[in-house]
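Read through the structure below, which is laid out as structure tokens, and then see the notes.
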Amino acid sequence: MIPAIRQQTILDLLAEHDTIYMEFLSDYLGISLSTLRRDLRELESFGKVSLLHGGGVQLNRKSTELSITAKLTMNKEAKNKIALKASTYVQDNDVIFLDPSSTTLQMIPHLVNRNITVITNGIYHINQLAAHNISGIMIGGNIKQSTNSCIGPLAEASLTQLNFNKCFLGSNGFSKKSGITNHDINEYTIKKIAMDKSSVSYFLLDSAKYNVVTMIKVASLSDPNIIIEKEIPELSDLNNIIIA
């Protein structure tokens, strides 16, 4: 297993547990402790993990972008509530865009038997659309492995040619001070184009992401509609918040 894949596997495991110990990781990955320490030191140097006394390892959730498979295991109940609520805003004959977030993926089972077209740059998403017999169009481009999505100039050029009734987007974090933020500038560009080409935009944000701030501001909290699974008192003055 090459180092990049090992390190992503470590991050995925840490997404499911508060703390994992080196002995477990070494056995799970089938590598020596010295090799594991090199991987962990590299992850630590990028601010992705914290190494604890006694051999424990924790994920630095504020600075790490997780794979979609890891995200699917987190806050499932909240994401399902948000996805169900979001699906009620989809109407017959809509053309909608779903970005490759784990919460927009949960919308797909709720879109069965609708007369709609779903456009997405998510590889997981297009597979699920096909499995549920929902009309879908795949936006191609450079493959980003951690999110199983297509990004880059080809994807951006394709999106600019299209118009949507609605777009449904995810993000890595949001806060009152910093707005809605994301790790990846390429994904930022996709989201901005989708918002510009949509009549109405929705961000699907579970409350665990509140006060998590990542690198790039995508939008102010007051700009798009935001669907959350429960009320956040600090945001009570915003009239664009939808409680699932």
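By convention in this document, the chains of the structure tokens carry letters A, B, ... by their order, each chain's residues are numbered from 1, and ligands are numbered from 1 in the order they are shown.
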Inset, instruction - Please report, as a ChimeraX atom specification, each residue of stretch 46-228 of chain A to which DSSP assigns alpha helix (DSSP H) when run on this structure's backbone. - result: /A:68-71,76-87,102-107,123-131,153-160,185-196
Would you mind exporting the chosen residues as a short mmCIF file (atom, residue, chain, number, x, y, z; two decimals), in the first residue's frame, restricted to N, CA and C atoms?
```cif
data_model
loop_
_atom_site.label_atom_id
_atom_site.label_comp_id
_atom_site.auth_asym_id
_atom_site.auth_seq_id
_atom_site.Cartn_x
_atom_site.Cartn_y
_atom_site.Cartn_z
N ILE A 68 -15.45 10.83 1.25
CA ILE A 68 -16.90 10.74 1.33
C ILE A 68 -17.34 9.48 2.08
N THR A 69 -16.56 8.40 2.00
CA THR A 69 -16.93 7.19 2.75
C THR A 69 -16.85 7.44 4.25
N ALA A 70 -15.87 8.24 4.69
CA ALA A 70 -15.79 8.59 6.10
C ALA A 70 -16.93 9.51 6.49
N LYS A 71 -17.24 10.48 5.64
CA LYS A 71 -18.31 11.43 5.94
C LYS A 71 -19.66 10.73 6.07
N LYS A 76 -25.19 10.63 10.88
CA LYS A 76 -26.12 10.07 9.91
C LYS A 76 -27.55 10.56 10.11
N GLU A 77 -28.00 10.56 11.35
CA GLU A 77 -29.39 10.94 11.62
C GLU A 77 -29.65 12.38 11.20
N ALA A 78 -28.71 13.28 11.54
CA ALA A 78 -28.86 14.69 11.18
C ALA A 78 -28.88 14.85 9.66
N LYS A 79 -27.96 14.16 8.98
CA LYS A 79 -27.89 14.29 7.52
C LYS A 79 -29.15 13.75 6.84
N ASN A 80 -29.70 12.66 7.38
CA ASN A 80 -30.92 12.12 6.80
C ASN A 80 -32.09 13.09 6.95
N LYS A 81 -32.18 13.73 8.12
CA LYS A 81 -33.25 14.72 8.33
C LYS A 81 -33.11 15.88 7.35
N ILE A 82 -31.89 16.36 7.20
CA ILE A 82 -31.64 17.50 6.30
C ILE A 82 -31.94 17.10 4.86
N ALA A 83 -31.51 15.92 4.45
CA ALA A 83 -31.73 15.47 3.08
C ALA A 83 -33.21 15.31 2.77
N LEU A 84 -33.96 14.77 3.73
CA LEU A 84 -35.40 14.61 3.53
C LEU A 84 -36.07 15.97 3.37
N LYS A 85 -35.69 16.93 4.23
CA LYS A 85 -36.26 18.28 4.12
C LYS A 85 -35.89 18.92 2.78
N ALA A 86 -34.64 18.78 2.38
CA ALA A 86 -34.19 19.37 1.12
C ALA A 86 -34.97 18.81 -0.06
N SER A 87 -35.28 17.53 -0.03
CA SER A 87 -35.99 16.90 -1.15
C SER A 87 -37.39 17.46 -1.33
N SER A 102 -21.83 14.34 1.22
CA SER A 102 -22.48 13.14 1.76
C SER A 102 -23.95 13.41 2.06
N THR A 103 -24.32 14.65 2.37
CA THR A 103 -25.72 14.95 2.68
C THR A 103 -26.56 15.04 1.41
N THR A 104 -26.03 15.64 0.35
CA THR A 104 -26.79 15.64 -0.91
C THR A 104 -26.97 14.21 -1.43
N LEU A 105 -26.02 13.34 -1.17
CA LEU A 105 -26.15 11.94 -1.58
C LEU A 105 -27.37 11.30 -0.94
N GLN A 106 -27.65 11.71 0.32
CA GLN A 106 -28.80 11.13 1.04
C GLN A 106 -30.13 11.61 0.48
N MET A 107 -30.11 12.67 -0.34
CA MET A 107 -31.35 13.13 -0.96
C MET A 107 -31.87 12.16 -2.02
N ILE A 123 -19.31 11.18 -8.36
CA ILE A 123 -19.29 9.83 -8.93
C ILE A 123 -20.20 8.90 -8.13
N TYR A 124 -20.15 8.97 -6.79
CA TYR A 124 -21.10 8.21 -5.97
C TYR A 124 -22.52 8.59 -6.36
N HIS A 125 -22.73 9.89 -6.56
CA HIS A 125 -24.07 10.39 -6.82
C HIS A 125 -24.63 9.85 -8.14
N ILE A 126 -23.83 9.88 -9.20
CA ILE A 126 -24.35 9.41 -10.49
C ILE A 126 -24.65 7.92 -10.43
N ASN A 127 -23.87 7.16 -9.68
CA ASN A 127 -24.15 5.73 -9.52
C ASN A 127 -25.47 5.51 -8.80
N GLN A 128 -25.73 6.32 -7.77
CA GLN A 128 -26.99 6.18 -7.03
C GLN A 128 -28.18 6.64 -7.86
N LEU A 129 -28.00 7.67 -8.66
CA LEU A 129 -29.07 8.11 -9.55
C LEU A 129 -29.44 6.99 -10.53
N ALA A 130 -28.43 6.34 -11.08
CA ALA A 130 -28.68 5.23 -12.00
C ALA A 130 -29.37 4.08 -11.30
N ALA A 131 -28.93 3.78 -10.07
CA ALA A 131 -29.52 2.68 -9.31
C ALA A 131 -30.98 2.93 -8.98
N PRO A 153 -10.95 22.49 -14.75
CA PRO A 153 -11.42 23.31 -15.88
C PRO A 153 -12.52 22.67 -16.71
N LEU A 154 -12.43 21.36 -16.98
CA LEU A 154 -13.45 20.71 -17.79
C LEU A 154 -14.81 20.74 -17.10
N ALA A 155 -14.81 20.44 -15.80
CA ALA A 155 -16.06 20.46 -15.03
C ALA A 155 -16.62 21.88 -14.98
N GLU A 156 -15.75 22.85 -14.76
CA GLU A 156 -16.20 24.24 -14.68
C GLU A 156 -16.78 24.72 -16.01
N ALA A 157 -16.11 24.37 -17.11
CA ALA A 157 -16.60 24.78 -18.44
C ALA A 157 -17.96 24.16 -18.74
N SER A 158 -18.15 22.90 -18.35
CA SER A 158 -19.45 22.25 -18.58
C SER A 158 -20.56 22.93 -17.79
N LEU A 159 -20.28 23.24 -16.52
CA LEU A 159 -21.31 23.84 -15.67
C LEU A 159 -21.75 25.20 -16.18
N THR A 160 -20.83 25.97 -16.72
CA THR A 160 -21.18 27.32 -17.18
C THR A 160 -22.15 27.30 -18.35
N ILE A 185 -10.10 24.93 -3.27
CA ILE A 185 -10.44 26.04 -4.15
C ILE A 185 -11.13 25.57 -5.42
N ASN A 186 -10.82 24.36 -5.90
CA ASN A 186 -11.49 23.82 -7.08
C ASN A 186 -12.96 23.54 -6.79
N GLU A 187 -13.24 23.00 -5.62
CA GLU A 187 -14.63 22.77 -5.24
C GLU A 187 -15.36 24.09 -4.99
N TYR A 188 -14.65 25.06 -4.45
CA TYR A 188 -15.21 26.41 -4.28
C TYR A 188 -15.71 26.94 -5.62
N THR A 189 -14.90 26.80 -6.66
CA THR A 189 -15.27 27.31 -7.97
C THR A 189 -16.51 26.62 -8.51
N ILE A 190 -16.59 25.29 -8.33
CA ILE A 190 -17.77 24.55 -8.77
C ILE A 190 -19.01 25.06 -8.04
N LYS A 191 -18.90 25.24 -6.74
CA LYS A 191 -20.06 25.71 -5.96
C LYS A 191 -20.49 27.10 -6.40
N LYS A 192 -19.54 27.98 -6.64
CA LYS A 192 -19.87 29.34 -7.05
C LYS A 192 -20.58 29.34 -8.41
N ILE A 193 -20.10 28.54 -9.35
CA ILE A 193 -20.75 28.46 -10.65
C ILE A 193 -22.17 27.92 -10.50
N ALA A 194 -22.32 26.87 -9.70
CA ALA A 194 -23.64 26.27 -9.50
C ALA A 194 -24.61 27.28 -8.90
N MET A 195 -24.14 28.07 -7.93
CA MET A 195 -25.00 29.09 -7.34
C MET A 195 -25.37 30.16 -8.36
N ASP A 196 -24.41 30.57 -9.16
CA ASP A 196 -24.67 31.60 -10.17
C ASP A 196 -25.65 31.13 -11.23
#
```
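Within stretch 62-167 of chain A, DSSP run on the backbone puts these residues in strand (DSSP E or B): Val95, Ile96, Phe97, Leu98, Thr117, Val118, Ile119, Thr120, Gly122, Gly136, Ile137, Met138, Asn142, Ile143, Lys144, Ser149, Cys150, Ile151, Phe164, Asn165, Lys166 and Cys167 of chain A.
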Hey, can you spit out that residue selection with C-alpha atoms as a PDB file, in the first residue's frame?
```
ATOM      1  CA  VAL A  95     -33.414  20.620 -13.245  1.00  0.00           C
ATOM      2  CA  ILE A  96     -31.266  20.482 -10.122  1.00  0.00           C
ATOM      3  CA  PHE A  97     -27.575  20.289  -9.301  1.00  0.00           C
ATOM      4  CA  LEU A  98     -26.211  18.112  -6.490  1.00  0.00           C
ATOM      5  CA  THR A 117     -33.208  15.915 -14.155  1.00  0.00           C
ATOM      6  CA  VAL A 118     -30.314  15.761 -11.716  1.00  0.00           C
ATOM      7  CA  ILE A 119     -26.905  17.070 -12.732  1.00  0.00           C
ATOM      8  CA  THR A 120     -23.919  16.229 -10.567  1.00  0.00           C
ATOM      9  CA  GLY A 122     -20.287  13.343  -7.844  1.00  0.00           C
ATOM     10  CA  GLY A 136     -29.042  12.181 -14.388  1.00  0.00           C
ATOM     11  CA  ILE A 137     -26.223  13.969 -16.188  1.00  0.00           C
ATOM     12  CA  MET A 138     -22.612  13.542 -15.102  1.00  0.00           C
ATOM     13  CA  ASN A 142     -10.316  15.744 -13.071  1.00  0.00           C
ATOM     14  CA  ILE A 143     -11.140  13.075 -10.502  1.00  0.00           C
ATOM     15  CA  LYS A 144     -10.679  14.037  -6.858  1.00  0.00           C
ATOM     16  CA  SER A 149     -15.939  13.870  -7.635  1.00  0.00           C
ATOM     17  CA  CYS A 150     -14.951  15.627 -10.840  1.00  0.00           C
ATOM     18  CA  ILE A 151     -13.411  19.083 -10.590  1.00  0.00           C
ATOM     19  CA  PHE A 164     -30.629  24.971 -12.864  1.00  0.00           C
ATOM     20  CA  ASN A 165     -33.850  25.616 -11.028  1.00  0.00           C
ATOM     21  CA  LYS A 166     -32.097  24.754  -7.786  1.00  0.00           C
ATOM     22  CA  CYS A 167     -28.721  23.622  -6.500  1.00  0.00           C
TER      23      CYS A 167
END
```
Legend entry - 9 Å contact set for A:Ile20, only C-alpha atoms, chain neighbours under 2 positions out, as an MDAnalysis selection string: chainID A and resid 13:14 17:18 22:25 55:58
May I have the residues from that selection written out with C-alpha atoms, as a short mmCIF file (atom, residue, chain, number, x, y, z; two decimals), in the first residue's frame?
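Below you can see again-v8.cif, which holds the result:
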```cif
data_model
loop_
_atom_site.label_atom_id
_atom_site.label_comp_id
_atom_site.auth_asym_id
_atom_site.auth_seq_id
_atom_site.Cartn_x
_atom_site.Cartn_y
_atom_site.Cartn_z
CA LEU A 13 -10.48 5.36 10.53
CA LEU A 14 -9.97 8.39 12.75
CA HIS A 17 -13.32 7.14 16.44
CA ASP A 18 -12.24 9.82 18.90
CA MET A 22 -0.66 3.18 17.15
CA GLU A 23 -0.61 -0.54 17.89
CA PHE A 24 -4.08 -0.93 16.37
CA LEU A 25 -3.17 1.13 13.31
CA GLY A 55 0.57 6.40 21.58
CA GLY A 56 -2.89 7.79 20.88
CA VAL A 57 -3.80 9.56 17.63
CA GLN A 58 -6.68 11.98 17.08
#
```
Legend entry - Atom pair atom CA of A:Asp39 / atom CA of A:Thr147: separation (Å): 21.1 Å
Inset, instruction - Pick out the residues sitting within 10 Å of A:Asp237, and hand them over as a ChimeraX atom specification; count only C-alpha atoms, and ignore anything fewer than 4 positions along from it in its own chain. - result: /A:222,233,241
Inset, instruction - Enter the distance from atom CA of A:Ile134 to atom CA of A:Ile108, in Å, rounded to one decimal. - result: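 Computing it gives 8.4 Å between the two atoms.
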Inset, instruction - Please identify all polymer residues within 9 Å of A:Leu29, counting only C-alpha atoms, omitting same-chain residues fewer than 2 positions from it, and present them as a count of residues only. - result: 11
